[in-house]
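Participant: The structure file data-v1.cif (mmCIF, C-alpha atoms and all ligand atoms) is provided below.
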```cif
data_protein
#
loop_
_atom_site.label_atom_id
_atom_site.label_comp_id
_atom_site.auth_asym_id
_atom_site.auth_seq_id
_atom_site.Cartn_x
_atom_site.Cartn_y
_atom_site.Cartn_z
CA MET A 288 -20.21 54.18 46.22
CA ASN A 289 -20.22 54.65 49.98
CA VAL A 290 -20.16 51.55 52.12
CA LEU A 291 -21.93 51.24 55.46
CA ILE A 292 -20.71 48.39 57.67
CA LYS A 293 -23.44 47.81 60.25
CA GLY A 294 -22.91 46.34 63.69
CA ALA A 295 -19.26 45.24 63.60
CA LEU A 296 -16.97 44.75 66.60
CA LEU A 297 -13.79 46.77 66.06
CA TYR A 298 -10.86 44.46 66.88
CA GLY A 299 -13.47 42.11 68.36
CA GLU A 300 -13.87 44.45 71.33
CA GLY A 301 -16.59 46.54 73.00
CA GLU A 302 -20.06 47.16 71.63
CA PRO A 303 -21.03 46.80 67.96
CA VAL A 304 -20.70 49.97 65.88
CA ASP A 305 -21.51 51.16 62.37
CA VAL A 306 -18.66 52.29 60.15
CA LEU A 307 -19.28 54.57 57.19
CA VAL A 308 -16.70 54.44 54.42
CA ALA A 309 -16.63 57.25 51.84
CA ASP A 310 -14.01 58.54 49.40
CA GLY A 311 -11.67 55.72 50.35
CA GLU A 312 -11.60 56.66 54.01
CA ILE A 313 -13.31 55.81 57.26
CA ARG A 314 -15.70 58.77 57.41
CA GLN A 315 -17.76 58.07 60.51
CA ILE A 316 -17.93 55.55 63.35
CA GLY A 317 -21.07 55.49 65.51
CA THR A 318 -24.24 53.70 66.43
CA ASP A 319 -27.34 53.62 64.24
CA LEU A 320 -25.77 55.48 61.35
CA GLY A 321 -28.45 55.84 58.70
CA VAL A 322 -27.15 56.70 55.27
CA VAL A 323 -28.89 56.78 51.96
CA ASP A 324 -26.98 55.76 48.90
CA ALA A 325 -24.55 53.35 50.51
CA GLU A 326 -23.86 49.68 49.99
CA VAL A 327 -24.85 48.20 53.33
CA ILE A 328 -22.94 45.27 54.82
CA ASP A 329 -24.73 43.53 57.68
CA ALA A 330 -21.81 42.82 60.00
CA ARG A 331 -23.64 41.70 63.11
CA GLY A 332 -21.48 39.27 65.08
CA GLN A 333 -18.50 40.05 62.87
CA ILE A 334 -15.10 41.55 63.61
CA LEU A 335 -13.57 44.47 61.74
CA LEU A 336 -9.79 44.51 61.39
CA PRO A 337 -7.29 46.53 59.37
CA GLY A 338 -6.68 44.84 55.98
CA PHE A 339 -4.00 42.16 56.11
CA VAL A 340 -0.50 42.71 54.68
CA ASP A 341 1.51 39.77 53.31
CA LEU A 342 5.25 40.33 53.05
CA HIS A 343 5.79 37.05 51.20
CA THR A 344 3.69 36.01 48.21
CA HIS A 345 4.64 34.23 44.99
CA LEU A 346 2.38 35.39 42.16
CA ARG A 347 4.32 33.59 39.38
CA GLU A 348 3.82 36.36 36.80
CA PRO A 349 5.81 36.77 34.63
CA GLY A 350 6.75 33.26 33.55
CA ARG A 351 4.51 30.68 35.18
CA GLU A 352 1.06 32.03 34.41
CA ASP A 353 -0.12 28.42 34.18
CA THR A 354 0.18 28.26 38.00
CA GLU A 355 -0.86 31.78 39.12
CA THR A 356 -1.18 35.26 37.70
CA ILE A 357 -1.21 38.67 39.31
CA GLU A 358 -4.97 38.60 38.72
CA THR A 359 -5.71 35.19 40.25
CA GLY A 360 -3.24 35.71 43.09
CA SER A 361 -4.82 39.11 43.81
CA ALA A 362 -8.25 37.44 43.96
CA ALA A 363 -6.89 34.86 46.41
CA ALA A 364 -5.41 37.68 48.47
CA ALA A 365 -8.65 39.70 48.57
CA LEU A 366 -10.59 36.59 49.57
CA GLY A 367 -8.06 35.95 52.32
CA GLY A 368 -8.59 39.44 53.72
CA TYR A 369 -5.42 40.99 52.31
CA THR A 370 -5.19 44.57 51.07
CA ALA A 371 -1.45 44.51 50.33
CA VAL A 372 0.90 41.76 49.19
CA PHE A 373 4.60 41.68 48.36
CA ALA A 374 5.24 39.68 45.19
CA MET A 375 8.51 37.77 45.40
CA ALA A 376 11.20 38.22 42.77
CA ASN A 377 11.75 34.57 41.71
CA THR A 378 9.73 34.92 38.53
CA ASN A 379 10.90 34.27 34.98
CA PRO A 380 12.40 36.67 34.03
CA VAL A 381 13.61 37.36 37.56
CA ALA A 382 12.47 40.69 39.02
CA ASP A 383 16.02 42.00 39.07
CA SER A 384 15.33 45.02 36.88
CA VAL A 385 13.00 47.98 37.00
CA VAL A 386 11.27 46.72 33.83
CA VAL A 387 9.95 43.69 35.68
CA THR A 388 9.27 45.35 39.04
CA ASP A 389 7.37 48.22 37.38
CA HIS A 390 5.37 45.72 35.31
CA VAL A 391 4.30 43.85 38.45
CA TRP A 392 3.28 47.10 40.11
CA ARG A 393 1.29 48.32 37.09
CA ARG A 394 -0.45 44.99 36.56
CA GLY A 395 -1.41 44.91 40.23
CA ARG A 396 -2.95 48.36 39.93
CA GLU A 397 -4.83 47.37 36.77
CA VAL A 398 -6.35 44.36 38.51
CA GLY A 399 -7.11 46.54 41.52
CA LEU A 400 -7.98 43.81 44.03
CA VAL A 401 -5.02 44.33 46.33
CA ASP A 402 -1.96 46.58 46.38
CA VAL A 403 0.76 44.45 44.80
CA TYR A 404 4.20 45.64 45.86
CA PRO A 405 7.01 44.16 43.79
CA VAL A 406 9.97 42.67 45.64
CA GLY A 407 13.24 43.21 43.79
CA ALA A 408 15.99 40.60 43.61
CA VAL A 409 19.10 41.30 45.67
CA THR A 410 21.40 39.72 43.09
CA VAL A 411 21.26 39.45 39.31
CA GLY A 412 19.28 36.35 38.30
CA LEU A 413 19.10 35.29 42.00
CA GLU A 414 22.57 33.88 41.40
CA GLY A 415 24.12 35.37 44.52
CA LYS A 416 27.10 36.79 42.63
CA GLN A 417 26.45 40.37 41.63
CA LEU A 418 24.16 42.93 43.26
CA ALA A 419 21.12 43.86 41.19
CA GLU A 420 20.38 47.50 40.44
CA MET A 421 18.49 48.06 43.65
CA GLY A 422 18.60 51.84 43.41
CA THR A 423 16.96 51.87 39.97
CA MET A 424 14.21 49.51 41.14
CA ALA A 425 13.63 51.61 44.26
CA ALA A 426 13.30 54.72 42.07
CA GLY A 427 10.80 53.18 39.62
CA VAL A 428 7.02 53.69 39.67
CA GLY A 429 6.82 50.40 41.56
CA ALA A 430 9.08 52.04 44.19
CA VAL A 431 10.57 48.76 45.41
CA ARG A 432 11.01 48.88 49.17
CA MET A 433 11.91 45.27 49.85
CA PHE A 434 14.58 43.12 48.19
CA SER A 435 14.97 39.38 48.45
CA ASP A 436 16.47 36.46 46.55
CA ASP A 437 13.78 34.28 48.16
CA GLY A 438 13.87 30.72 46.96
CA HIS A 439 17.63 31.19 47.26
CA CYS A 440 19.77 32.45 50.09
CA VAL A 441 22.16 35.36 49.64
CA HIS A 442 24.80 33.01 50.98
CA ASP A 443 28.05 34.82 50.17
CA PRO A 444 28.72 36.86 53.32
CA LEU A 445 30.49 39.64 51.44
CA ILE A 446 27.61 40.05 48.96
CA MET A 447 25.14 40.06 51.86
CA ARG A 448 27.22 42.66 53.67
CA ARG A 449 27.27 44.91 50.61
CA ALA A 450 23.53 44.39 50.07
CA LEU A 451 22.78 45.44 53.65
CA GLU A 452 24.98 48.53 53.35
CA TYR A 453 23.42 49.52 50.04
CA ALA A 454 19.89 48.86 51.30
CA ASN A 455 20.61 50.98 54.33
CA SER A 456 21.63 53.95 52.22
CA LEU A 457 18.51 53.51 50.06
CA GLY A 458 16.19 53.10 53.05
CA VAL A 459 14.94 49.71 51.83
CA LEU A 460 14.72 46.29 53.46
CA ILE A 461 16.60 43.07 52.72
CA ALA A 462 14.55 39.93 53.40
CA GLN A 463 16.70 36.83 53.70
CA HIS A 464 15.73 33.26 52.83
CA ALA A 465 18.07 31.76 55.41
CA GLU A 466 19.52 28.55 54.01
CA GLU A 467 23.22 27.76 53.91
CA PRO A 468 23.28 25.89 50.59
CA ARG A 469 26.33 23.80 51.48
CA LEU A 470 24.26 22.18 54.22
CA THR A 471 21.11 21.53 52.17
CA LYS A 472 22.46 20.03 48.97
CA GLY A 473 19.92 17.43 47.86
CA ALA A 474 17.83 17.98 51.01
CA VAL A 475 14.06 17.55 50.71
CA ALA A 476 12.79 17.32 54.30
CA HIS A 477 13.63 18.35 57.86
CA GLU A 478 16.67 16.43 59.10
CA GLY A 479 15.38 14.33 61.98
CA PRO A 480 14.06 10.90 62.92
CA THR A 481 11.11 11.06 60.52
CA ALA A 482 13.18 11.85 57.42
CA ALA A 483 15.77 9.27 58.47
CA ARG A 484 13.12 6.56 58.76
CA LEU A 485 11.49 7.52 55.47
CA GLY A 486 14.80 7.71 53.64
CA LEU A 487 14.47 11.40 52.76
CA ALA A 488 17.60 13.55 52.57
CA GLY A 489 17.68 15.96 55.52
CA TRP A 490 17.75 19.80 55.72
CA PRO A 491 19.30 20.53 59.13
CA ARG A 492 18.14 23.36 61.39
CA ALA A 493 21.71 24.66 61.41
CA ALA A 494 21.42 25.57 57.72
CA GLU A 495 18.83 28.18 58.66
CA GLU A 496 20.18 29.19 62.05
CA SER A 497 23.79 29.74 60.91
CA ILE A 498 22.59 32.28 58.32
CA VAL A 499 20.25 33.99 60.82
CA ALA A 500 23.15 34.38 63.26
CA ARG A 501 25.54 35.58 60.57
CA ASP A 502 23.07 38.09 59.13
CA ALA A 503 22.23 39.48 62.55
CA LEU A 504 25.94 40.23 63.01
CA LEU A 505 26.27 41.70 59.51
CA ALA A 506 23.23 43.92 60.15
CA ARG A 507 24.74 45.01 63.46
CA ASP A 508 28.01 46.03 61.86
CA ALA A 509 26.33 47.76 58.90
CA GLY A 510 23.83 49.51 61.18
CA ALA A 511 21.25 48.08 58.77
CA ARG A 512 17.93 46.29 59.05
CA VAL A 513 17.46 42.66 58.09
CA HIS A 514 14.24 40.67 57.84
CA ILE A 515 14.20 36.88 58.22
CA CYS A 516 11.76 35.10 55.92
CA HIS A 517 9.76 32.06 57.11
CA ALA A 518 11.46 31.31 60.44
CA SER A 519 11.09 27.58 60.97
CA THR A 520 13.09 26.46 64.03
CA ALA A 521 13.16 26.96 67.78
CA GLY A 522 16.83 27.93 67.40
CA THR A 523 15.95 30.75 65.00
CA VAL A 524 13.56 32.08 67.64
CA GLU A 525 16.39 32.11 70.21
CA LEU A 526 18.75 33.86 67.81
CA VAL A 527 16.21 36.54 66.85
CA LYS A 528 15.46 37.08 70.54
CA TRP A 529 19.15 37.45 71.29
CA ALA A 530 19.72 39.82 68.35
CA LYS A 531 16.80 42.03 69.35
CA ALA A 532 18.12 42.15 72.91
CA GLN A 533 21.43 43.47 71.49
CA GLY A 534 19.55 46.27 69.75
CA ILE A 535 20.11 44.80 66.29
CA SER A 536 17.46 45.85 63.74
CA ILE A 537 16.14 42.40 62.93
CA THR A 538 12.57 41.34 62.21
CA ALA A 539 11.14 37.93 61.38
CA GLU A 540 8.05 36.35 59.89
CA VAL A 541 6.51 32.90 60.31
CA THR A 542 4.18 31.10 57.92
CA PRO A 543 0.81 29.62 58.90
CA HIS A 544 2.03 26.17 57.79
CA HIS A 545 5.04 26.25 60.10
CA LEU A 546 2.73 27.18 62.98
CA LEU A 547 0.27 24.34 62.34
CA LEU A 548 2.03 21.45 60.64
CA ASP A 549 5.07 19.33 61.46
CA ASP A 550 7.16 16.65 59.81
CA SER A 551 4.78 13.86 60.82
CA ARG A 552 2.96 14.93 57.65
CA LEU A 553 5.72 13.31 55.60
CA GLU A 554 4.55 9.74 56.34
CA THR A 555 2.45 9.62 53.17
CA TYR A 556 5.28 10.87 50.94
CA ASP A 557 2.74 13.28 49.49
CA ALA A 558 4.76 16.18 48.05
CA VAL A 559 1.99 18.63 48.89
CA ASN A 560 3.82 18.76 52.23
CA LYS A 561 7.18 19.59 50.65
CA VAL A 562 8.14 23.17 51.40
CA ASN A 563 11.26 25.20 51.89
CA PRO A 564 12.21 25.57 54.71
CA PRO A 565 10.72 22.18 55.51
CA LEU A 566 8.03 21.38 58.06
CA ARG A 567 9.99 20.90 61.30
CA GLU A 568 9.16 19.05 64.52
CA ALA A 569 6.19 19.72 66.78
CA SER A 570 8.51 21.36 69.33
CA ASP A 571 9.63 23.88 66.69
CA ALA A 572 6.03 24.73 65.81
CA ALA A 573 5.23 25.25 69.50
CA ALA A 574 8.25 27.57 69.90
CA LEU A 575 7.19 29.55 66.81
CA ARG A 576 3.65 30.01 68.17
CA GLN A 577 4.99 31.22 71.50
CA ALA A 578 7.45 33.58 69.78
CA LEU A 579 4.69 35.07 67.63
CA ALA A 580 2.55 35.63 70.71
CA GLU A 581 5.44 37.36 72.50
CA GLY A 582 6.45 39.52 69.53
CA ILE A 583 9.88 37.88 69.13
CA ILE A 584 8.61 36.88 65.71
CA ASP A 585 7.00 40.01 64.36
CA CYS A 586 4.42 38.86 61.89
CA VAL A 587 2.75 36.20 59.78
CA ALA A 588 3.62 35.89 56.09
CA THR A 589 2.06 33.27 53.86
CA ASP A 590 4.86 32.21 51.47
CA HIS A 591 1.92 31.49 49.14
CA ALA A 592 3.66 29.29 46.55
CA PRO A 593 1.42 27.95 43.78
CA HIS A 594 2.70 24.97 41.79
CA ALA A 595 1.38 23.01 38.82
CA GLU A 596 0.06 19.51 39.35
CA GLN A 597 2.95 17.94 37.42
CA ASP A 598 5.42 19.70 39.74
CA LYS A 599 3.71 18.35 42.86
CA CYS A 600 2.18 15.00 41.96
CA CYS A 601 5.48 13.25 41.40
CA GLU A 602 8.18 11.57 43.48
CA PHE A 603 9.02 13.54 46.62
CA ALA A 604 12.58 14.41 45.63
CA ALA A 605 11.56 15.76 42.22
CA ALA A 606 8.61 17.84 43.45
CA ARG A 607 8.89 21.60 43.84
CA PRO A 608 8.69 23.03 47.35
CA GLY A 609 5.83 25.31 48.34
CA MET A 610 2.15 25.47 49.27
CA LEU A 611 -0.81 27.79 48.82
CA GLY A 612 -1.43 30.14 51.72
CA LEU A 613 -3.41 33.31 51.05
CA GLU A 614 -6.95 32.01 51.45
CA THR A 615 -6.29 29.85 54.51
CA ALA A 616 -3.95 32.12 56.52
CA LEU A 617 -6.51 33.79 58.79
CA SER A 618 -8.24 30.53 59.69
CA ILE A 619 -4.94 28.91 60.60
CA ILE A 620 -3.95 31.86 62.78
CA VAL A 621 -7.30 31.52 64.56
CA ARG A 622 -6.76 27.76 65.01
CA THR A 623 -3.14 28.00 66.19
CA MET A 624 -3.12 31.33 68.04
CA VAL A 625 -6.59 32.62 68.92
CA GLU A 626 -8.27 29.37 69.99
CA PRO A 627 -5.44 28.42 72.40
CA GLY A 628 -5.48 31.95 73.87
CA LEU A 629 -2.06 32.99 72.53
CA LEU A 630 -3.47 36.01 70.67
CA ASP A 631 -6.68 38.02 70.88
CA TRP A 632 -8.13 39.83 67.85
CA ARG A 633 -5.98 42.91 68.57
CA GLY A 634 -3.05 40.55 68.36
CA VAL A 635 -4.30 39.20 65.03
CA ALA A 636 -4.42 42.80 63.72
CA ARG A 637 -0.87 43.26 64.97
CA VAL A 638 0.71 40.19 63.39
CA MET A 639 -1.28 40.16 60.12
CA SER A 640 -1.54 43.88 59.41
CA GLU A 641 0.15 46.46 61.62
CA ARG A 642 3.59 44.90 62.08
CA PRO A 643 4.09 43.80 58.47
CA ALA A 644 3.01 47.26 57.25
CA ALA A 645 5.41 48.92 59.67
CA ILE A 646 8.32 46.64 58.72
CA VAL A 647 8.17 47.88 55.12
CA GLY A 648 7.01 51.39 56.02
CA LEU A 649 3.60 51.36 54.33
CA ASP A 650 1.61 54.36 55.45
CA GLU A 651 -1.75 53.38 53.93
CA HIS A 652 -1.99 49.87 55.38
CA GLY A 653 -2.01 48.52 58.90
CA ARG A 654 -3.56 51.76 60.15
CA PRO A 655 -5.83 52.17 63.18
CA LEU A 656 -9.60 51.81 62.74
CA GLU A 657 -10.28 55.51 63.16
CA VAL A 658 -12.07 58.29 61.33
CA GLY A 659 -9.89 59.80 58.59
CA GLU A 660 -7.79 56.66 58.09
CA PRO A 661 -7.66 54.85 54.71
CA ALA A 662 -10.47 52.28 54.43
CA ASN A 663 -8.30 49.19 53.97
CA LEU A 664 -10.39 46.78 55.97
CA THR A 665 -11.15 43.14 56.60
CA LEU A 666 -14.38 41.81 58.04
CA VAL A 667 -14.23 38.41 59.70
CA ASP A 668 -16.97 36.03 60.82
CA PRO A 669 -15.41 34.38 63.90
CA GLU A 670 -18.20 31.80 64.18
CA ALA A 671 -17.87 30.48 60.62
CA SER A 672 -16.49 27.05 59.98
CA TRP A 673 -15.38 25.87 56.55
CA THR A 674 -13.70 22.98 54.85
CA VAL A 675 -10.79 23.64 52.49
CA ARG A 676 -11.17 22.36 48.91
CA GLY A 677 -8.24 23.19 46.67
CA LYS A 678 -10.39 23.22 43.57
CA ASP A 679 -12.63 25.91 45.09
CA LEU A 680 -9.77 28.30 45.87
CA ALA A 681 -9.22 31.31 43.60
CA SER A 682 -5.64 30.30 42.87
CA ILE A 683 -5.05 28.54 39.58
CA SER A 684 -3.05 25.90 41.44
CA ASN A 685 -4.50 23.48 43.99
CA ASN A 686 -1.49 22.63 46.14
CA THR A 687 -2.94 23.19 49.57
CA PRO A 688 -1.74 20.92 52.39
CA PHE A 689 -5.00 21.74 54.18
CA GLU A 690 -7.26 19.86 51.76
CA ALA A 691 -10.42 18.55 53.49
CA MET A 692 -9.45 20.15 56.82
CA THR A 693 -12.17 22.12 58.60
CA PHE A 694 -11.17 25.47 60.08
CA PRO A 695 -12.75 28.24 62.13
CA ALA A 696 -13.35 31.85 61.02
CA ARG A 697 -13.80 33.25 57.56
CA VAL A 698 -13.22 36.57 55.82
CA THR A 699 -16.64 37.83 54.70
CA ALA A 700 -15.55 41.13 53.12
CA THR A 701 -12.39 43.02 52.20
CA LEU A 702 -12.22 46.71 51.32
CA LEU A 703 -9.33 48.37 49.48
CA ARG A 704 -9.42 52.16 49.73
CA GLY A 705 -13.14 51.92 50.43
CA ARG A 706 -13.96 49.62 47.53
CA VAL A 707 -15.27 46.15 48.25
CA THR A 708 -12.76 43.72 46.71
CA ALA A 709 -14.20 40.51 48.16
CA ARG A 710 -17.54 39.66 49.64
CA ASP A 711 -19.08 36.37 50.72
CA GLY A 712 -16.51 34.27 48.90
CA LYS A 713 -16.39 36.25 45.65
CA ALA A 714 -13.57 38.51 44.52
CA LEU A 715 -14.88 41.69 42.91
CA GLY A 716 -12.83 43.12 40.03
CA ASN A 717 -11.71 46.66 39.55
CA ARG A 718 -14.97 48.58 39.34
CA ALA A 719 -13.91 52.04 40.47
CA GLU A 720 -11.14 52.54 37.95
CA ALA A 721 -12.77 50.54 35.13
O1 LIG A 801 8.64 26.45 49.55
C1 LIG A 801 9.09 27.41 48.94
N1 LIG A 801 8.58 27.76 47.75
N2 LIG A 801 10.07 28.13 49.48
C2 LIG A 801 10.71 29.09 48.79
O2 LIG A 801 11.62 29.67 49.31
C3 LIG A 801 10.32 29.40 47.40
C4 LIG A 801 8.94 29.00 47.14
C5 LIG A 801 8.58 28.95 45.68
O3 LIG A 801 8.91 29.89 44.94
O4 LIG A 801 7.92 27.99 45.26
ZN ZN A 802 11.84 31.31 50.87
#
```
Please render this file's structure as structure tokens.
Ligand code: DOR
Ligand code: ZN
Facilitator:
Amino acid sequence: MNVLIKGALLYGEGEPVDVLVADGEIRQIGTDLGVVDAEVIDARGQILLPGFVDLHTHLREPGREDTETIETGSAAAALGGYTAVFAMANTNPVADSVVVTDHVWRRGREVGLVDVYPVGAVTVGLEGKQLAEMGTMAAGVGAVRMFSDDGHCVHDPLIMRRALEYANSLGVLIAQHAEEPRLTKGAVAHEGPTAARLGLAGWPRAAEESIVARDALLARDAGARVHICHASTAGTVELVKWAKAQGISITAEVTPHHLLLDDSRLETYDAVNKVNPPLREASDAAALRQALAEGIIDCVATDHAPHAEQDKCCEFAAARPGMLGLETALSIIVRTMVEPGLLDWRGVARVMSERPAAIVGLDEHGRPLEVGEPANLTLVDPEASWTVRGKDLASISNNTPFEAMTFPARVTATLLRGRVTARDGKALGNRAEA
């Protein structure tokens, strides 16, 4: 089925245009395109962007299908405007073998709502001791292009050095969860006045920053690339800025929750606010917003981390860290970056689509809105306003820290290779290949 998007503003700029999508591509861009036999989307007042790319998603399959599956997580992604997501390796079994990474890839294709790219583990069992068979995973049908022990830090410097060297020769990316474990033993919240007053064990900024600094130097010496997951401190921003100025191949992502929230949220002891790295101070969030605007931090990644009620509605120390992110990401970027004038819609396309696609070398995503390009697209209503209700989200889990908050802007449609995967709040299953 062809799709005709009528009256959209490309990147929120210029005059409204019609966009005809056929055979998975953008076929025509013009005014007053009249086409028979096309699904017509009335996009007046709406903004067309390249489909979003999330470098950091936890889909929980295999192993914790009670909290999320590739199918439900893909639906959440499509509804959030995503056309590609990277599924983290901390599943059960761990995605440290081609059997698991290929399964994730195949299941993503079967569901067909979003391109699910498996992330392979750097070390066997995420234990940080022995390198996983990265080459075999990279050569599988799932063609793993990013490796991470996320949830854990590759903390042994020699293992990290070898991983970077090996990744370099394979042409793949290592994404580091920067957390020196010796400094975060028992830690549950950002180390600062709030945690001290509340009696919560602190996770110091230095635990993140010392690994960022170390890995920048290891990447320099190996001539390799390193990507920093969920940057959370002003100091990390300074280190990434310094490393880039040295010509080191370092990139970094920031989550919507670290841009919007801070550790004042801990007052209630509600573990919905527990996340790793923890919510920092307001000054850190401000530095992260500025760094994202300036391109020091390259992109937004959700760290979408579904958890079961029993793993969240319990004492703070026992709760698991993580929060939902896919369906709220765009609105939070509009609230924290677009409304204050830090980014325009071109900038949103850059940080949510183009840069993440480029970091992992995707050639079908994050492409310009031009004739002949793959039709991986997101349509946004900038005037919409909506209130988050965890129970209404497509995720199986409900652990959103944004419950009952009202946000601007909403994704009204998502297209994956020309097929509508979400429209007006409904994810649309795999029709083309069914
Ligand atoms: O908050 C987090 N949750 N941070 C991580 O690094 C892992 C993630 C998870 O898997 O729940
Ligand atoms: Zn992580």
Participant: Could you check which of A:Leu445, A:Ala365, A:Val308, A:Ala532 is closest to A:Ala714, using only C-alpha atoms?
Facilitator: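 Of the candidates, the smallest distance to A:Ala714 is held by A:Ala365.
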Participant: Using all atoms of ligand LIG 801 (chain A) listed in the file and a margin of 8 Å per side, can you give the axis-aligned box centre and edge lengths in Å to one decimal, as AutoDock Vina command-line options?
Facilitator:
```
--center_x 9.8 --center_y 28.2 --center_z 47.2 --size_x 19.7 --size_y 19.4 --size_z 20.6
```
Participant: Looking at only C-alpha atoms and all ligand atoms, which of A:Val406, A:Cys516, A:Ala503, A:Val401 is the one that sits closest to ligand ZN 802 (chain A)?
Facilitator: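 Distance minimum relative to ligand ZN 802 (chain A) lands on A:Cys516.
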Participant: Given a cut-off of 10 Å, what residues near ligand ZN 802 (chain A) show up using only C-alpha atoms and all ligand atoms, put as a PDB file with C-alpha atoms, in the coordinates of the input?
Facilitator:
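Written output follows (result_0.pdb):
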```pdb
ATOM      1  CA  HIS A 343       5.790  37.050  51.200  1.00  0.00           C
ATOM      2  CA  THR A 344       3.690  36.010  48.210  1.00  0.00           C
ATOM      3  CA  HIS A 345       4.640  34.230  44.990  1.00  0.00           C
ATOM      4  CA  MET A 375       8.510  37.770  45.400  1.00  0.00           C
ATOM      5  CA  ASN A 377      11.750  34.570  41.710  1.00  0.00           C
ATOM      6  CA  SER A 435      14.970  39.380  48.450  1.00  0.00           C
ATOM      7  CA  ASP A 436      16.470  36.460  46.550  1.00  0.00           C
ATOM      8  CA  ASP A 437      13.780  34.280  48.160  1.00  0.00           C
ATOM      9  CA  GLY A 438      13.870  30.720  46.960  1.00  0.00           C
ATOM     10  CA  HIS A 439      17.630  31.190  47.260  1.00  0.00           C
ATOM     11  CA  CYS A 440      19.770  32.450  50.090  1.00  0.00           C
ATOM     12  CA  ALA A 462      14.550  39.930  53.400  1.00  0.00           C
ATOM     13  CA  GLN A 463      16.700  36.830  53.700  1.00  0.00           C
ATOM     14  CA  HIS A 464      15.730  33.260  52.830  1.00  0.00           C
ATOM     15  CA  ALA A 465      18.070  31.760  55.410  1.00  0.00           C
ATOM     16  CA  GLU A 466      19.520  28.550  54.010  1.00  0.00           C
ATOM     17  CA  ILE A 515      14.200  36.880  58.220  1.00  0.00           C
ATOM     18  CA  CYS A 516      11.760  35.100  55.920  1.00  0.00           C
ATOM     19  CA  HIS A 517       9.760  32.060  57.110  1.00  0.00           C
ATOM     20  CA  ALA A 518      11.460  31.310  60.440  1.00  0.00           C
ATOM     21  CA  VAL A 562       8.140  23.170  51.400  1.00  0.00           C
ATOM     22  CA  ASN A 563      11.260  25.200  51.890  1.00  0.00           C
ATOM     23  CA  PRO A 564      12.210  25.570  54.710  1.00  0.00           C
ATOM     24  CA  ASP A 590       4.860  32.210  51.470  1.00  0.00           C
ATOM     25  CA  ALA A 592       3.660  29.290  46.550  1.00  0.00           C
ATOM     26  CA  PRO A 608       8.690  23.030  47.350  1.00  0.00           C
ATOM     27  CA  GLY A 609       5.830  25.310  48.340  1.00  0.00           C
TER      28      GLY A 609
END
```
Participant: Which residue, A:Asp353, A:Asp557, A:Asp550, A:Asp598, has the smallest gap to ligand LIG 801 (chain A) when you use all atoms listed in the file?
Facilitator: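 Nearest candidate to ligand LIG 801 (chain A) out of A:Asp353, A:Asp557, A:Asp550, A:Asp598: A:Asp598.
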Participant: I'd like the contact shell of stretch 385-396 of chain A - 9 Å cut-off, only C-alpha atoms, skipping same-chain residues fewer than 5 positions apart - returned as a CSV table (one decimal) with C-alpha atoms, in the coordinates of the input.
Facilitator:
```csv
chain,number,residue,atom,x,y,z
A,348,GLU,CA,3.8,36.4,36.8
A,349,PRO,CA,5.8,36.8,34.6
A,357,ILE,CA,-1.2,38.7,39.3
A,358,GLU,CA,-5.0,38.6,38.7
A,361,SER,CA,-4.8,39.1,43.8
A,374,ALA,CA,5.2,39.7,45.2
A,376,ALA,CA,11.2,38.2,42.8
A,380,PRO,CA,12.4,36.7,34.0
A,401,VAL,CA,-5.0,44.3,46.3
A,402,ASP,CA,-2.0,46.6,46.4
A,403,VAL,CA,0.8,44.4,44.8
A,404,TYR,CA,4.2,45.6,45.9
A,405,PRO,CA,7.0,44.2,43.8
A,406,VAL,CA,10.0,42.7,45.6
A,407,GLY,CA,13.2,43.2,43.8
A,420,GLU,CA,20.4,47.5,40.4
A,421,MET,CA,18.5,48.1,43.6
A,423,THR,CA,17.0,51.9,40.0
A,424,MET,CA,14.2,49.5,41.1
A,425,ALA,CA,13.6,51.6,44.3
A,426,ALA,CA,13.3,54.7,42.1
A,427,GLY,CA,10.8,53.2,39.6
A,428,VAL,CA,7.0,53.7,39.7
A,429,GLY,CA,6.8,50.4,41.6
A,430,ALA,CA,9.1,52.0,44.2
A,431,VAL,CA,10.6,48.8,45.4
A,717,ASN,CA,-11.7,46.7,39.6
```
Participant: Can you work out which one of A:Glu614, A:Glu626, A:Asp650, A:Glu660 has the shortest atom-to-atom distance to A:Arg676, counting all atoms listed in the file?
Facilitator: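 Of A:Glu614, A:Glu626, A:Asp650, A:Glu660, the one nearest A:Arg676, counting all atoms listed in the file, is A:Glu614.
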Participant: Provide the atom CA of A:Leu413 to atom CA of A:Cys600 distance in Å, to one decimal place.
Facilitator: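 Answer for the atom CA of A:Leu413 to atom CA of A:Cys600 separation: 26.4 Å.
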Participant: Taking only C-alpha atoms and all ligand atoms into account, which of A:Leu346, A:Leu649, A:Leu680, A:Leu291 comes nearest ligand LIG 801 (chain A)?
Facilitator: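 Looking at the shortest contact to ligand LIG 801 (chain A), the residue is A:Leu346.
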Participant: Kindly indicate which residue among A:Asn379, A:Gln333, A:Thr589, A:Thr318 lies nearest to A:Leu546, using only C-alpha atoms for the distances.
Facilitator: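 Closest candidate: A:Thr589.
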Participant: List the spatial neighbours of A:Thr471 as a PDB file with C-alpha atoms, in the frame of the given file - criterion: any atom at most 9 Å away, only C-alpha atoms, same-chain residues fewer than 6 positions off excluded.
Facilitator:
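Wrote it out as selection11.pdb, contents follow:
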```pdb
ATOM      1  CA  ALA A 488      17.600  13.550  52.570  1.00  0.00           C
ATOM      2  CA  GLY A 489      17.680  15.960  55.520  1.00  0.00           C
ATOM      3  CA  TRP A 490      17.750  19.800  55.720  1.00  0.00           C
ATOM      4  CA  PRO A 491      19.300  20.530  59.130  1.00  0.00           C
ATOM      5  CA  ALA A 494      21.420  25.570  57.720  1.00  0.00           C
TER       6      ALA A 494
END
```
